[in-house]
Every structure is written in C-alpha cells, then in structure tokens.
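Structure file my_file-v2.cif (mmCIF, C-alpha atoms) is printed below.
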data_input
#
loop_
_atom_site.label_atom_id
_atom_site.label_comp_id
_atom_site.auth_asym_id
_atom_site.auth_seq_id
_atom_site.Cartn_x
_atom_site.Cartn_y
_atom_site.Cartn_z
CA MET G 11 4.60 -38.31 -190.03
CA ALA G 12 5.04 -36.81 -193.52
CA LYS G 13 2.12 -37.01 -195.93
CA PRO G 14 2.75 -39.05 -199.07
CA ASN G 15 3.42 -37.00 -202.22
CA PRO G 16 0.44 -36.78 -204.57
CA PRO G 17 0.88 -38.41 -207.99
CA TYR G 18 0.98 -34.91 -209.53
CA SER G 19 1.54 -31.45 -208.16
CA TYR G 20 -0.99 -28.60 -208.30
CA PHE G 21 1.25 -26.68 -210.70
CA GLY G 22 1.68 -29.75 -212.88
CA PHE G 23 -2.09 -30.08 -213.05
CA CYS G 24 -2.41 -26.42 -214.06
CA ARG G 25 0.15 -26.91 -216.83
CA PHE G 26 -1.82 -29.94 -218.04
CA ILE G 27 -5.06 -27.92 -218.16
CA ARG G 28 -3.37 -25.06 -220.03
CA ALA G 29 -1.91 -27.50 -222.56
CA PHE G 30 -5.27 -29.21 -222.88
CA ASN G 31 -7.05 -25.91 -223.55
CA SER G 32 -4.33 -24.73 -225.93
CA TRP G 33 -5.13 -27.63 -228.30
CA THR G 34 -8.81 -26.64 -228.35
CA LEU G 35 -7.99 -22.97 -228.93
CA ALA G 36 -5.54 -23.85 -231.72
CA ILE G 37 -8.20 -25.94 -233.49
CA LYS G 38 -10.77 -23.15 -233.09
CA ASN G 39 -8.53 -20.59 -234.81
CA ALA G 40 -7.09 -22.92 -237.50
CA SER G 41 -7.92 -23.35 -241.18
CA PRO G 42 -9.88 -26.52 -242.07
CA HIS G 43 -6.83 -28.58 -243.05
CA LYS G 44 -4.76 -27.30 -240.12
CA ALA G 45 -7.62 -28.06 -237.68
CA LEU G 46 -7.80 -31.60 -239.00
CA ASP G 47 -4.03 -31.99 -238.66
CA LEU G 48 -4.19 -30.79 -235.02
CA TYR G 49 -7.04 -33.19 -234.34
CA CYS G 50 -4.95 -36.09 -235.67
CA GLN G 51 -1.98 -34.97 -233.56
CA MET G 52 -4.18 -35.10 -230.45
CA GLN G 53 -5.01 -38.71 -231.28
CA ARG G 54 -1.38 -39.70 -231.90
CA GLN G 55 -0.16 -38.00 -228.71
CA SER G 56 -3.04 -39.41 -226.61
CA VAL G 57 -4.23 -35.94 -225.63
CA PRO G 58 -7.73 -36.30 -224.14
CA PHE G 59 -10.54 -34.87 -226.26
CA ASN G 60 -13.33 -32.71 -224.90
CA SER G 61 -16.59 -31.69 -226.55
CA PHE G 62 -15.15 -28.31 -227.58
CA SER G 63 -12.17 -29.75 -229.47
CA VAL G 64 -14.58 -32.04 -231.34
CA LEU G 65 -17.05 -29.20 -231.93
CA PHE G 66 -14.45 -26.82 -233.34
CA THR G 67 -13.00 -29.54 -235.57
CA LEU G 68 -16.43 -30.19 -237.06
CA LYS G 69 -17.05 -26.49 -237.64
CA SER G 70 -13.65 -26.07 -239.30
CA CYS G 71 -14.01 -29.11 -241.57
CA SER G 72 -17.65 -28.55 -242.64
CA PRO G 73 -16.73 -26.19 -245.55
CA LEU G 74 -14.63 -28.98 -247.11
CA ASN G 75 -17.87 -30.82 -248.07
CA ASN G 76 -16.09 -34.17 -247.68
CA SER G 77 -18.67 -36.82 -246.74
CA ASN G 78 -16.02 -39.49 -246.05
CA LEU G 79 -14.19 -37.19 -243.67
CA ILE G 80 -17.41 -36.27 -241.83
CA ALA G 81 -18.30 -39.97 -241.56
CA HIS G 82 -14.86 -40.68 -240.06
CA LEU G 83 -15.32 -37.88 -237.50
CA HIS G 84 -18.82 -39.21 -236.79
CA SER G 85 -17.36 -42.64 -235.95
CA HIS G 86 -14.78 -41.11 -233.63
CA ILE G 87 -17.46 -38.98 -231.91
CA LEU G 88 -19.50 -42.13 -231.27
CA LYS G 89 -16.42 -43.83 -229.83
CA LEU G 90 -15.74 -40.85 -227.54
CA GLY G 91 -19.37 -40.72 -226.41
CA PHE G 92 -19.94 -37.10 -227.39
CA ILE G 93 -22.89 -37.78 -229.72
CA SER G 94 -25.24 -37.17 -226.76
CA HIS G 95 -23.96 -33.59 -226.51
CA VAL G 96 -26.60 -31.54 -228.32
CA TYR G 97 -24.13 -28.96 -229.66
CA VAL G 98 -21.82 -31.64 -231.04
CA ALA G 99 -24.75 -33.51 -232.63
CA THR G 100 -26.06 -30.28 -234.15
CA SER G 101 -22.64 -29.39 -235.57
CA LEU G 102 -22.37 -32.89 -237.02
CA ILE G 103 -25.82 -32.55 -238.63
CA ASN G 104 -24.74 -29.22 -240.12
CA ALA G 105 -21.59 -30.84 -241.54
CA TYR G 106 -23.70 -33.59 -243.13
CA VAL G 107 -26.15 -30.98 -244.53
CA MET G 108 -23.26 -29.53 -246.52
CA ALA G 109 -21.73 -32.87 -247.56
CA SER G 110 -24.44 -35.57 -247.54
CA PHE G 111 -27.99 -34.51 -246.77
CA ASP G 112 -29.36 -38.07 -246.57
CA ASN G 113 -27.01 -38.75 -243.66
CA ALA G 114 -28.05 -35.46 -242.06
CA ARG G 115 -31.69 -36.58 -242.11
CA LYS G 116 -30.83 -39.97 -240.58
CA LEU G 117 -28.78 -38.40 -237.82
CA PHE G 118 -31.51 -35.83 -237.10
CA ASP G 119 -34.08 -38.63 -236.72
CA GLU G 120 -31.73 -40.53 -234.39
CA THR G 121 -30.85 -37.52 -232.23
CA PRO G 122 -32.91 -37.66 -229.01
CA HIS G 123 -31.97 -34.20 -227.74
CA ARG G 124 -32.48 -31.26 -230.11
CA ASN G 125 -32.30 -27.54 -229.56
CA ILE G 126 -33.60 -24.73 -231.76
CA VAL G 127 -30.33 -24.63 -233.72
CA THR G 128 -30.73 -28.34 -234.56
CA TRP G 129 -34.18 -27.72 -236.01
CA ASN G 130 -33.04 -24.58 -237.87
CA THR G 131 -30.17 -26.55 -239.41
CA MET G 132 -32.62 -29.04 -240.91
CA ILE G 133 -34.85 -26.27 -242.30
CA THR G 134 -31.80 -24.84 -244.07
CA GLY G 135 -30.80 -28.33 -245.24
CA TYR G 136 -34.18 -29.08 -246.82
CA SER G 137 -34.16 -25.62 -248.39
CA ARG G 138 -30.76 -26.24 -249.99
CA SER G 139 -31.95 -29.59 -251.32
CA GLY G 140 -34.96 -27.87 -252.92
CA ASP G 141 -37.60 -29.57 -250.74
CA VAL G 142 -39.42 -26.55 -249.32
CA SER G 143 -42.48 -28.56 -248.27
CA LYS G 144 -40.31 -30.74 -246.01
CA ALA G 145 -38.60 -27.62 -244.67
CA TYR G 146 -42.01 -26.19 -243.80
CA ALA G 147 -43.06 -29.49 -242.18
CA VAL G 148 -39.97 -29.35 -239.93
CA PHE G 149 -40.73 -25.70 -239.18
CA LYS G 150 -44.32 -26.50 -238.12
CA GLU G 151 -43.14 -29.44 -235.99
CA MET G 152 -40.74 -27.30 -233.95
CA PRO G 153 -41.74 -27.04 -230.28
CA LEU G 154 -40.18 -23.56 -230.07
CA ARG G 155 -39.14 -21.07 -232.74
CA ASP G 156 -36.82 -18.08 -232.58
CA ILE G 157 -36.11 -15.30 -235.07
CA ALA G 158 -33.50 -17.50 -236.77
CA SER G 159 -36.18 -20.18 -237.37
CA TRP G 160 -38.46 -17.68 -239.09
CA SER G 161 -35.54 -16.26 -241.08
CA ALA G 162 -34.55 -19.75 -242.27
CA MET G 163 -38.11 -20.55 -243.35
CA LEU G 164 -38.54 -17.17 -245.02
CA ALA G 165 -35.27 -17.65 -246.94
CA ALA G 166 -36.44 -21.13 -247.98
CA PHE G 167 -39.62 -19.70 -249.51
CA MET G 168 -37.82 -16.84 -251.23
CA ASN G 169 -35.03 -19.02 -252.64
CA SER G 170 -37.61 -21.37 -254.14
CA ARG G 171 -39.45 -18.38 -255.64
CA LYS G 172 -42.58 -18.97 -253.54
CA TRP G 173 -43.10 -15.26 -253.09
CA SER G 174 -46.61 -15.23 -251.64
CA SER G 175 -45.68 -17.88 -249.06
CA GLY G 176 -42.56 -15.90 -248.16
CA PHE G 177 -44.44 -12.64 -247.65
CA GLU G 178 -47.15 -14.45 -245.69
CA CYS G 179 -44.45 -15.98 -243.47
CA PHE G 180 -43.01 -12.51 -242.86
CA ARG G 181 -46.44 -11.07 -242.06
CA GLU G 182 -47.21 -13.90 -239.62
CA MET G 183 -43.87 -13.45 -237.91
CA VAL G 184 -44.36 -9.70 -237.39
CA VAL G 185 -48.13 -9.46 -236.81
CA LYS G 186 -49.07 -12.75 -235.17
CA GLU G 187 -45.88 -13.72 -233.33
CA ARG G 188 -44.87 -10.13 -232.56
CA LEU G 189 -41.25 -10.89 -233.42
CA LYS G 190 -38.90 -8.09 -234.43
CA PRO G 191 -37.14 -8.92 -237.72
CA ASP G 192 -33.36 -8.88 -237.77
CA GLN G 193 -31.18 -7.72 -240.65
CA LEU G 194 -30.96 -11.22 -242.15
CA THR G 195 -34.76 -11.49 -242.29
CA VAL G 196 -35.10 -8.02 -243.79
CA ALA G 197 -32.48 -8.79 -246.45
CA SER G 198 -34.46 -11.90 -247.53
CA VAL G 199 -37.69 -9.90 -247.83
CA LEU G 200 -35.98 -7.17 -249.85
CA TRP G 201 -34.47 -9.80 -252.16
CA GLY G 202 -37.94 -11.24 -252.76
CA CYS G 203 -39.29 -7.77 -253.52
CA ALA G 204 -36.46 -7.24 -256.02
CA GLN G 205 -37.34 -10.44 -257.88
CA LEU G 206 -41.00 -9.47 -258.18
CA GLY G 207 -40.21 -5.97 -259.44
CA SER G 208 -42.72 -3.12 -259.29
CA LEU G 209 -45.47 -5.39 -257.93
CA ALA G 210 -43.64 -5.60 -254.60
CA LEU G 211 -42.45 -1.99 -254.43
CA LEU G 212 -44.97 -1.11 -251.72
CA VAL G 213 -43.75 -3.98 -249.53
CA GLY G 214 -40.15 -2.93 -250.15
CA LYS G 215 -40.91 0.66 -249.12
CA SER G 216 -42.59 -0.59 -245.95
CA VAL G 217 -39.51 -2.61 -245.07
CA HIS G 218 -37.33 0.45 -245.76
CA ALA G 219 -39.52 2.48 -243.40
CA PHE G 220 -39.03 -0.21 -240.74
CA ILE G 221 -35.23 0.03 -241.19
CA VAL G 222 -35.35 3.81 -240.75
CA LYS G 223 -37.61 3.49 -237.69
CA GLN G 224 -35.20 1.04 -236.08
CA GLU G 225 -32.33 3.48 -236.75
CA TRP G 226 -30.19 0.75 -238.24
CA ASP G 227 -26.92 1.78 -239.81
CA LEU G 228 -27.08 1.70 -243.59
CA ASN G 229 -24.33 -0.90 -243.82
CA VAL G 230 -23.19 -2.59 -247.02
CA LYS G 231 -25.54 -5.60 -246.69
CA ILE G 232 -28.74 -3.68 -245.96
CA GLY G 233 -27.83 -0.75 -248.24
CA THR G 234 -27.09 -3.04 -251.19
CA ALA G 235 -30.34 -4.94 -250.64
CA LEU G 236 -32.28 -1.64 -250.72
CA VAL G 237 -30.46 -0.37 -253.83
CA ASP G 238 -31.10 -3.69 -255.58
CA MET G 239 -34.78 -3.68 -254.60
CA TYR G 240 -35.44 -0.11 -255.73
CA ALA G 241 -33.42 -0.53 -258.94
CA LYS G 242 -35.18 -3.75 -260.00
CA CYS G 243 -38.57 -2.28 -259.09
CA GLY G 244 -37.86 0.63 -261.46
CA SER G 245 -37.57 3.27 -258.74
CA LEU G 246 -34.09 4.43 -259.73
CA LYS G 247 -34.50 7.78 -257.97
CA PHE G 248 -34.79 6.06 -254.59
CA ALA G 249 -32.02 3.59 -255.53
CA CYS G 250 -29.67 6.54 -256.13
CA ILE G 251 -30.73 8.24 -252.89
CA VAL G 252 -29.93 5.12 -250.85
CA PHE G 253 -26.71 4.63 -252.80
CA LYS G 254 -25.53 8.17 -251.96
CA LEU G 255 -26.45 7.76 -248.27
CA MET G 256 -24.25 4.68 -247.91
CA GLN G 257 -20.90 5.29 -246.24
CA GLN G 258 -19.38 2.13 -247.73
CA ARG G 259 -20.13 0.38 -250.99
CA ASN G 260 -18.80 -2.84 -252.51
CA VAL G 261 -18.92 -4.28 -256.02
CA MET G 262 -22.40 -5.74 -255.39
CA THR G 263 -23.75 -2.26 -254.54
CA TRP G 264 -22.37 -0.75 -257.76
CA THR G 265 -23.51 -3.76 -259.79
CA ALA G 266 -27.08 -3.52 -258.42
CA LEU G 267 -27.31 0.09 -259.57
CA ILE G 268 -25.69 -0.58 -262.96
CA CYS G 269 -27.95 -3.58 -263.68
CA GLY G 270 -31.02 -1.63 -262.56
CA CYS G 271 -30.23 1.24 -264.94
CA SER G 272 -29.56 -1.23 -267.74
CA GLN G 273 -32.76 -3.19 -267.10
CA HIS G 274 -34.95 -0.10 -267.32
CA GLY G 275 -33.32 1.45 -270.38
CA TYR G 276 -31.02 4.00 -268.75
CA GLY G 277 -27.94 2.89 -270.66
CA ASP G 278 -26.02 6.17 -270.46
CA GLU G 279 -26.46 6.26 -266.68
CA ALA G 280 -25.29 2.63 -266.41
CA LEU G 281 -22.11 3.50 -268.32
CA SER G 282 -21.53 6.58 -266.15
CA PHE G 283 -21.84 4.52 -262.95
CA PHE G 284 -19.46 1.93 -264.37
CA GLU G 285 -16.82 4.59 -265.06
CA ALA G 286 -17.33 6.07 -261.57
CA MET G 287 -16.93 2.61 -260.04
CA GLN G 288 -13.60 2.16 -261.80
CA GLU G 289 -12.43 5.57 -260.61
CA THR G 290 -13.10 4.57 -256.99
CA GLY G 291 -10.91 1.48 -257.44
CA VAL G 292 -13.71 -1.10 -257.11
CA LYS G 293 -13.04 -4.10 -259.36
CA PRO G 294 -16.07 -5.20 -261.44
CA ASN G 295 -17.27 -8.80 -261.34
CA GLU G 296 -18.97 -11.00 -263.94
CA MET G 297 -22.43 -9.65 -263.16
CA THR G 298 -21.20 -6.06 -263.51
CA PHE G 299 -20.09 -6.80 -267.06
CA THR G 300 -23.41 -8.51 -267.80
CA GLY G 301 -25.21 -5.30 -266.78
CA ILE G 302 -22.94 -3.00 -268.75
CA LEU G 303 -23.03 -5.18 -271.91
CA ASN G 304 -26.81 -5.39 -271.66
CA ALA G 305 -26.91 -1.58 -271.46
CA CYS G 306 -24.80 -1.37 -274.62
CA ALA G 307 -27.09 -3.84 -276.41
CA ARG G 308 -30.21 -1.86 -275.49
CA LYS G 309 -28.67 1.45 -276.61
CA GLY G 310 -26.99 0.03 -279.71
CA LEU G 311 -23.51 1.08 -278.52
CA VAL G 312 -21.46 -1.33 -280.61
CA GLU G 313 -17.99 0.12 -280.09
CA GLU G 314 -18.53 0.54 -276.35
CA GLY G 315 -19.78 -3.04 -276.19
CA ARG G 316 -16.62 -4.31 -277.89
CA LYS G 317 -14.49 -2.33 -275.45
CA TYR G 318 -16.23 -3.63 -272.34
CA PHE G 319 -16.28 -7.22 -273.63
CA ASN G 320 -12.50 -7.11 -274.15
CA MET G 321 -12.15 -5.60 -270.68
CA ILE G 322 -13.45 -8.85 -269.08
CA GLU G 323 -10.17 -10.67 -269.70
CA GLN G 324 -8.18 -7.58 -268.71
CA TYR G 325 -9.68 -8.01 -265.24
CA GLY G 326 -8.57 -11.64 -265.11
CA MET G 327 -11.95 -13.21 -265.87
CA GLN G 328 -13.24 -15.40 -268.69
CA PRO G 329 -16.40 -14.46 -270.62
CA ARG G 330 -19.44 -16.48 -269.53
CA ILE G 331 -22.49 -17.56 -271.53
CA HIS G 332 -24.42 -14.40 -270.57
CA HIS G 333 -21.60 -12.16 -271.80
CA TYR G 334 -21.57 -13.91 -275.18
CA GLY G 335 -25.36 -13.65 -275.26
CA CYS G 336 -25.19 -9.88 -274.75
CA MET G 337 -22.68 -9.54 -277.60
CA VAL G 338 -24.82 -11.62 -279.98
CA ASP G 339 -27.82 -9.48 -279.01
CA LEU G 340 -25.79 -6.27 -279.50
CA PHE G 341 -24.49 -7.22 -282.96
CA GLY G 342 -27.83 -8.73 -283.98
CA LYS G 343 -29.84 -5.60 -283.14
CA ALA G 344 -27.29 -3.48 -285.00
CA GLY G 345 -27.68 -5.67 -288.09
CA LEU G 346 -24.11 -6.96 -287.87
CA LEU G 347 -25.10 -10.59 -288.41
CA VAL G 348 -21.68 -11.69 -289.63
CA GLU G 349 -20.08 -10.45 -286.41
CA ALA G 350 -22.85 -12.00 -284.32
CA TYR G 351 -22.24 -15.35 -286.03
CA GLU G 352 -18.49 -14.99 -285.49
CA VAL G 353 -19.08 -14.55 -281.75
CA ILE G 354 -21.09 -17.79 -281.70
CA ARG G 355 -18.55 -19.64 -283.84
CA THR G 356 -15.58 -18.66 -281.68
CA MET G 357 -17.23 -19.08 -278.28
CA LYS G 358 -15.20 -21.10 -275.80
CA ILE G 359 -18.40 -22.71 -274.50
CA GLU G 360 -21.37 -24.35 -276.20
CA PRO G 361 -24.03 -21.80 -277.24
CA ASN G 362 -27.42 -22.30 -275.60
CA VAL G 363 -30.91 -21.96 -277.01
CA ILE G 364 -31.18 -18.32 -275.84
CA ILE G 365 -28.18 -17.32 -277.94
CA TRP G 366 -29.47 -19.21 -280.97
CA GLY G 367 -32.91 -17.64 -280.53
CA SER G 368 -31.38 -14.16 -280.34
CA PHE G 369 -29.38 -14.76 -283.51
CA LEU G 370 -32.35 -16.17 -285.45
CA SER G 371 -34.57 -13.28 -284.30
CA ALA G 372 -31.98 -10.83 -285.62
CA CYS G 373 -31.89 -12.70 -288.93
CA LYS G 374 -35.67 -12.43 -289.15
CA GLU G 375 -35.64 -8.75 -288.19
CA HIS G 376 -33.03 -7.84 -290.80
CA LYS G 377 -34.31 -10.33 -293.44
CA GLN G 378 -30.98 -12.17 -293.56
CA PHE G 379 -32.28 -15.66 -294.27
CA GLN G 380 -28.97 -16.83 -295.74
CA MET G 381 -27.30 -16.26 -292.37
CA ALA G 382 -30.09 -18.11 -290.58
CA GLU G 383 -29.87 -21.05 -292.97
CA ARG G 384 -26.25 -21.64 -291.91
CA VAL G 385 -27.28 -22.58 -288.40
CA ILE G 386 -30.85 -23.92 -288.59
CA GLU G 387 -29.91 -27.60 -288.69
CA GLN G 388 -27.47 -27.12 -285.84
CA VAL G 389 -30.12 -25.31 -283.80
CA LEU G 390 -32.64 -28.11 -284.37
CA LYS G 391 -30.15 -30.53 -282.81
CA THR G 392 -29.81 -28.29 -279.75
CA VAL G 393 -33.39 -27.34 -278.91
CA LYS G 394 -35.60 -29.40 -276.58
CA PRO G 395 -39.15 -30.16 -277.74
CA GLU G 396 -40.61 -29.89 -274.23
CA SER G 397 -39.44 -26.31 -273.62
CA ASP G 398 -38.14 -24.63 -276.78
CA GLY G 399 -41.24 -24.48 -278.94
CA GLY G 400 -40.68 -20.79 -279.63
CA VAL G 401 -37.46 -21.54 -281.50
CA TYR G 402 -39.24 -24.09 -283.71
CA SER G 403 -41.88 -21.47 -284.52
CA LEU G 404 -39.18 -18.92 -285.30
CA ILE G 405 -37.44 -21.30 -287.72
CA SER G 406 -40.77 -22.06 -289.42
CA ASP G 407 -41.46 -18.33 -289.77
CA LEU G 408 -38.04 -17.79 -291.35
CA TYR G 409 -38.76 -20.46 -293.95
CA VAL G 410 -42.16 -18.87 -294.68
CA LEU G 411 -40.65 -15.40 -295.11
CA ASN G 412 -38.20 -16.83 -297.60
CA ASP G 413 -41.02 -18.65 -299.48
CA LYS G 414 -39.65 -22.07 -298.53
CA TRP G 415 -43.05 -23.56 -297.79
CA ASP G 416 -41.97 -27.20 -297.92
CA ASP G 417 -39.29 -26.61 -295.26
CA ALA G 418 -41.76 -24.66 -293.14
CA GLU G 419 -44.23 -27.55 -293.34
CA ARG G 420 -41.42 -30.00 -292.43
CA VAL G 421 -40.69 -28.06 -289.26
CA ARG G 422 -44.38 -27.85 -288.41
CA LYS G 423 -44.75 -31.63 -288.78
CA LEU G 424 -41.63 -32.07 -286.67
CA MET G 425 -43.29 -30.00 -283.95
CA VAL G 426 -46.39 -32.19 -284.05
CA ASN G 427 -44.48 -35.49 -284.12
CA GLN G 428 -42.19 -34.51 -281.22
CA ASN G 429 -45.05 -32.98 -279.23
CA VAL G 430 -43.26 -29.64 -279.17
CA ARG G 431 -44.66 -27.23 -276.63
CA LYS G 432 -44.19 -23.48 -276.69
CA THR G 433 -43.69 -22.07 -273.21
CA ARG G 434 -46.59 -19.78 -272.44
CA GLY G 435 -45.95 -16.18 -271.55
CA SER G 436 -47.13 -15.15 -268.11
CA SER G 437 -48.14 -11.92 -266.50
CA PHE G 438 -48.85 -10.81 -262.95
CA ILE G 439 -51.41 -8.28 -264.20
#
Structure translated into structure tokens:
Amino acid sequence: MAKPNPPYSYFGFCRFIRAFNSWTLAIKNASPHKALDLYCQMQRQSVPFNSFSVLFTLKSCSPLNNSNLIAHLHSHILKLGFISHVYVATSLINAYVMASFDNARKLFDETPHRNIVTWNTMITGYSRSGDVSKAYAVFKEMPLRDIASWSAMLAAFMNSRKWSSGFECFREMVVKERLKPDQLTVASVLWGCAQLGSLALLVGKSVHAFIVKQEWDLNVKIGTALVDMYAKCGSLKFACIVFKLMQQRNVMTWTALICGCSQHGYGDEALSFFEAMQETGVKPNEMTFTGILNACARKGLVEEGRKYFNMIEQYGMQPRIHHYGCMVDLFGKAGLLVEAYEVIRTMKIEPNVIIWGSFLSACKEHKQFQMAERVIEQVLKTVKPESDGGVYSLISDLYVLNDKWDDAERVRKLMVNQNVRKTRGSSFI
C-alpha cells in the first residue's frame, strides 16, 4: 500500500528555509531605511520572523534615533514573544539608549535576563546622559565584568573630565583585576592624558611603553592618539617621531600635530605641516583650520591668516565661531581694531562672550577706547552675571583708563547689584 504524500516535500522545505534565511541576511546587510522596508515586507507577506531578523532590524534602525519607530518595533517584539531573548532585549535597550534613555532604563529594569553586553549598554547610556555616578553604580552592581565593561566605565570617567577617577579605574583594572587593556581602553587613557597636558605625560609614556611591549601595529587610531597626547603635553619631539613611524595617517593625525605645534608656540612648524598635509592630498577639517588660524594669531601672521580663513569656504565648509574668534584675536593683537570689528559685524553667527572679550582686551592693549565704546552696551546685553565677571571688570578698566570714572562706577554698581561673579583661575600646581 502506497504511503500518503507528505504535505510538503523535502526539497520544498529546503527552499522555504533558504527563502526564510535570505530575508534575515538581506536585513543584516541593508541600510537602515532598506532594513525597515524589508521588515515591513515580511509582515505583509506573512513571512515568519525569527530572533535574528528582529535583532538585525533593531541594529540597523538604531542610528536613526527615532523613538516612535523603536517603540513600534518594541510592541511588535512583545507580540512575537522575542523580548525574553537576551540578545534581542539588549539590542532594544541599545536602540532606546540612542533615542530615548528613559525608556532604556525602564526596559533594563524590566529585563529579567541580562548578559554582560546588557550591563555595558547601560553604563554607556548613563555616560552619554552625563550621569557618571549612575554609570558607576551600574558598573559596581554587575555580577561579572569583562574588558568592555572596564573600557565603558573608563570612557565615562574621561568624557566627564573626572581624570583621577579614570586613571584609578585603569590602575585597578590592570593591577587588581589583572586584565590586559585593549586598544579602545588605551585610546581612552591617552585621550585623558592629552586633556591634562604635561601633568599626565608620565602616564602617557607608560601607556606608550605598554603598546610597544604588546607589539601592536601603530595603526591610525592608536598612532593618532599618541601623537595627540605627546603634542598636547608639549613633547613635540616624540609626537613627530610617532607621526613619522605611522604607515597611514588621516586628517585627525595631521590636525593633532598642527594643533599641538600651534598650542605651544611653534607657528612656523604648524604652517609647514599644513602645507605638507595639502601636498599629500589630505583634506583639512574645521579643527585643522582652527589650529592653523591660532598659529597665525600667535605669530602675528596677518596675511597668512587672511589666506587660510578664506580657504575654509574653498574646501566647502562654513566658518565656525572658533574660526571667527581666531581672526578677531589675530587682528586685535596686530592692532587692526577696525578689521577685528568688521569681522564681528559681518559674522554669520552671533558673537559669543569670548570674542567680545578678545576684542575689548585688544582695545585696552592698544588704547583704542573709541572702538571699545562702540560695542560696550551691546556686550553688557550679552554677558551673564554668573559666569562672565571678567568682562565686566574689563569694561570697568576701560572706562577708568579713559578717565570716565562715573561710567566705571556704574559698571561696578551693576556688578554688585547683579551679584556678578568672576570665574576664578585654577592651577594644577
């Protein structure tokens, strides 16, 4: 007696599996909008979902930062029953971290099963929201930590400028936990050293020695971090040595060296590196022009400054507030107050208190009170009593130098009445 035919053949089943997997693979390799379109097509065509198709859709759509879209996907995941899958839940938390951190926290609290990646995602989320203490609380609560956990916590400290906590975290990771730092961790430590300057040069050199000992390739990321650290710490000799040892360099590498030279008064060298960068075909970015304009301001190179400022638009960019600030500083130091004022007057963006302070300082330096008087009332409308006390003092000094004692007294009374505070200078010494 013949056996009844099965409802589907073996080959038909194989074709179904291949088609099923092809949807998942297509979503994995698609752009965010294309992935979402494929996901919707699966719904319309009644193609069964699996955890991977959901996971890859979430990963593709996370960069869109669309909280409504993530909430819609969240609802569908609940309907499909995939929320209990730890990788899906973690990917959903990560999507909420980028789009709506409050929802990320709620979902994290409701998630019964968490892995190390889930915890690391929340550390990064709290760090991005600026709540480092909560990030550290999550870090301490973790049942297990891996190198990525320590890297996330270290980055949180460094990004919030809690240098001592960051270095202590690094020391504990290496000495107490006996964990071997990866390149991401090392890059965070080097960035922290760069921000502290010469005070952290010894730590930076120790990290460099570790890199050499591990025989890591001097790739663009690590090489640039080392160049930036040495340049900002004032050790330009070592910055140049690392720079020359690098096989590949990008615009950030060149910019780190140019800004380091500019910061420490080596204007001619900064200009030479900028010309060499152009010869290699590397296109400068906004920060590159900030460094080169600052170099011109420090050296008093007015014509060169004009040339480089005009070059910003030639490279398809628009001048930013820091570029205008460099030009006001350049013209002000050179005594060209009329040109400095013209830069401020024709700016495409509103001048900030730093630019006004630079202009008024130049007026005081060159005894051009008439120029200062043009803008004083406008400046007084811009400054904030709680943080810009130095500008009030500068205006009062200008009135005193011009023997306008009544106006100086008026500004002094204004400072008292508005509880104006002058930000204190600080030193690590």
Give me the result of the PyMOL selection byres ((chain G and resi 296) around 9) on this file, residue by residue, as an mmCIF file with C-alpha atoms, keeping the file's coordinate frame.
data_model
loop_
_atom_site.group_PDB
_atom_site.id
_atom_site.type_symbol
_atom_site.label_atom_id
_atom_site.label_comp_id
_atom_site.auth_asym_id
_atom_site.auth_seq_id
_atom_site.Cartn_x
_atom_site.Cartn_y
_atom_site.Cartn_z
ATOM 1 C CA PRO G 294 -16.070 -5.200 -261.440
ATOM 2 C CA ASN G 295 -17.270 -8.800 -261.340
ATOM 3 C CA MET G 297 -22.430 -9.650 -263.160
ATOM 4 C CA THR G 298 -21.200 -6.060 -263.510
ATOM 5 C CA PHE G 299 -20.090 -6.800 -267.060
ATOM 6 C CA THR G 300 -23.410 -8.510 -267.800
ATOM 7 C CA GLY G 301 -25.210 -5.300 -266.780
ATOM 8 C CA ILE G 322 -13.450 -8.850 -269.080
ATOM 9 C CA MET G 327 -11.950 -13.210 -265.870
ATOM 10 C CA GLN G 328 -13.240 -15.400 -268.690
ATOM 11 C CA PRO G 329 -16.400 -14.460 -270.620
ATOM 12 C CA ARG G 330 -19.440 -16.480 -269.530
ATOM 13 C CA HIS G 333 -21.600 -12.160 -271.800
#
Legend entry - Interatomic distance, atom CA of G:Met381 to atom CA of G:Thr356 (Å, one decimal): 16.0 Å
Inset, instruction - Counting all atoms listed in the file, note down every residue that has an atom within 12 Å of the point (-41.6, -11.6, -233.2) (file coordinates), as number ranges by chain. - result: G: 155-161, 179-192, 195
Inset, instruction - Using all atoms listed in the file, find the one residue out of G:Ser175, G:Gln224, G:Gln273, G:Thr121 that sits nearest to G:Gly244. - result: G:Gln273
Inset, instruction - Find the spatial neighbours of stretch 404-407 of chain G, counting all atoms listed in the file, within a cut-off of 7 Å - ignore same-chain residues fewer than 4 positions away - and output them as JSON, numbers by chain. - result: {"G": [400, 411, 418, 421, 422]}
Inset, instruction - Decode the PyMOL selection byres ((chain G and resi 124) around 12) for the given file into explicit residues and return them as a PyMOL selection string. - result: chain G and resi 93-101+103+117-123+125-132+152-154
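Once the PyMOL selection byres ((chain G and resi 251-265) around 6) is applied to the depicted file, the selected set reads Leu228, Val230, Thr234, Phe248, Ala249, Cys250, Ala266, Leu267, Ile268, Cys269 and Thr298 of chain G.
Relative to atom CA of G:His376, atom CA of G:Glu279 is found at 28.7 Å.
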Legend entry - Counting all atoms listed in the file, the option among G:Asp278, G:Leu236, G:Tyr334, G:Phe66 closest to G:Val222: G:Leu236
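Coordinates place atom CA of G:Val199 at a distance of 8.6 Å from atom CA of G:Val213.
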Legend entry - Protein and nucleic acid residues near (-21.6, -39.0, -236.6) (cut-off 9 Å, only C-alpha atoms) as a PyMOL selection string: chain G and resi 80-88+93+99+102-103+106+113+117
Filtering to C-alpha atoms, could you give me those residues as a short mmCIF file (atom, residue, chain, number, x, y, z; two decimals), in the coordinates of the input?
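File written: selection22.cif
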data_model
loop_
_atom_site.label_atom_id
_atom_site.label_comp_id
_atom_site.auth_asym_id
_atom_site.auth_seq_id
_atom_site.Cartn_x
_atom_site.Cartn_y
_atom_site.Cartn_z
CA ILE G 80 -17.41 -36.27 -241.83
CA ALA G 81 -18.30 -39.97 -241.56
CA HIS G 82 -14.86 -40.68 -240.06
CA LEU G 83 -15.32 -37.88 -237.50
CA HIS G 84 -18.82 -39.21 -236.79
CA SER G 85 -17.36 -42.64 -235.95
CA HIS G 86 -14.78 -41.11 -233.63
CA ILE G 87 -17.46 -38.98 -231.91
CA LEU G 88 -19.50 -42.13 -231.27
CA ILE G 93 -22.89 -37.78 -229.72
CA ALA G 99 -24.75 -33.51 -232.63
CA LEU G 102 -22.37 -32.89 -237.02
CA ILE G 103 -25.82 -32.55 -238.63
CA TYR G 106 -23.70 -33.59 -243.13
CA ASN G 113 -27.01 -38.75 -243.66
CA LEU G 117 -28.78 -38.40 -237.82
#
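The residue that comes closest to G:Leu35, out of G:Gly291, G:Phe62, G:Arg384, G:Cys50 and on the basis of only C-alpha atoms, is G:Phe62.
Each of G:Leu65, G:Ala145, G:Cys271, G:Ile365 was compared to G:Asn104 using only C-alpha atoms, and G:Leu65 turns out to be the nearest.
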Legend entry - Close residues, G:Trp366 itself excluded, 9 Å, only C-alpha atoms, min 5 positions apart in chain, as number ranges by chain: G: 335, 338, 354, 361, 371, 385, 389, 401
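Proximity ranking of G:Tyr240, G:Ala305, G:Glu289, G:Lys38 relative to G:Ser272 places G:Ala305 first, based on only C-alpha atoms.
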Inset, instruction - Please identify all polymer residues within 12 Å of G:Leu48, counting all atoms listed in the file, omitting same-chain residues fewer than 6 positions from it, and present them as a PyMOL selection string. - result: chain G and resi 32-42+54-55+57+59+63-64+66-67+70-71
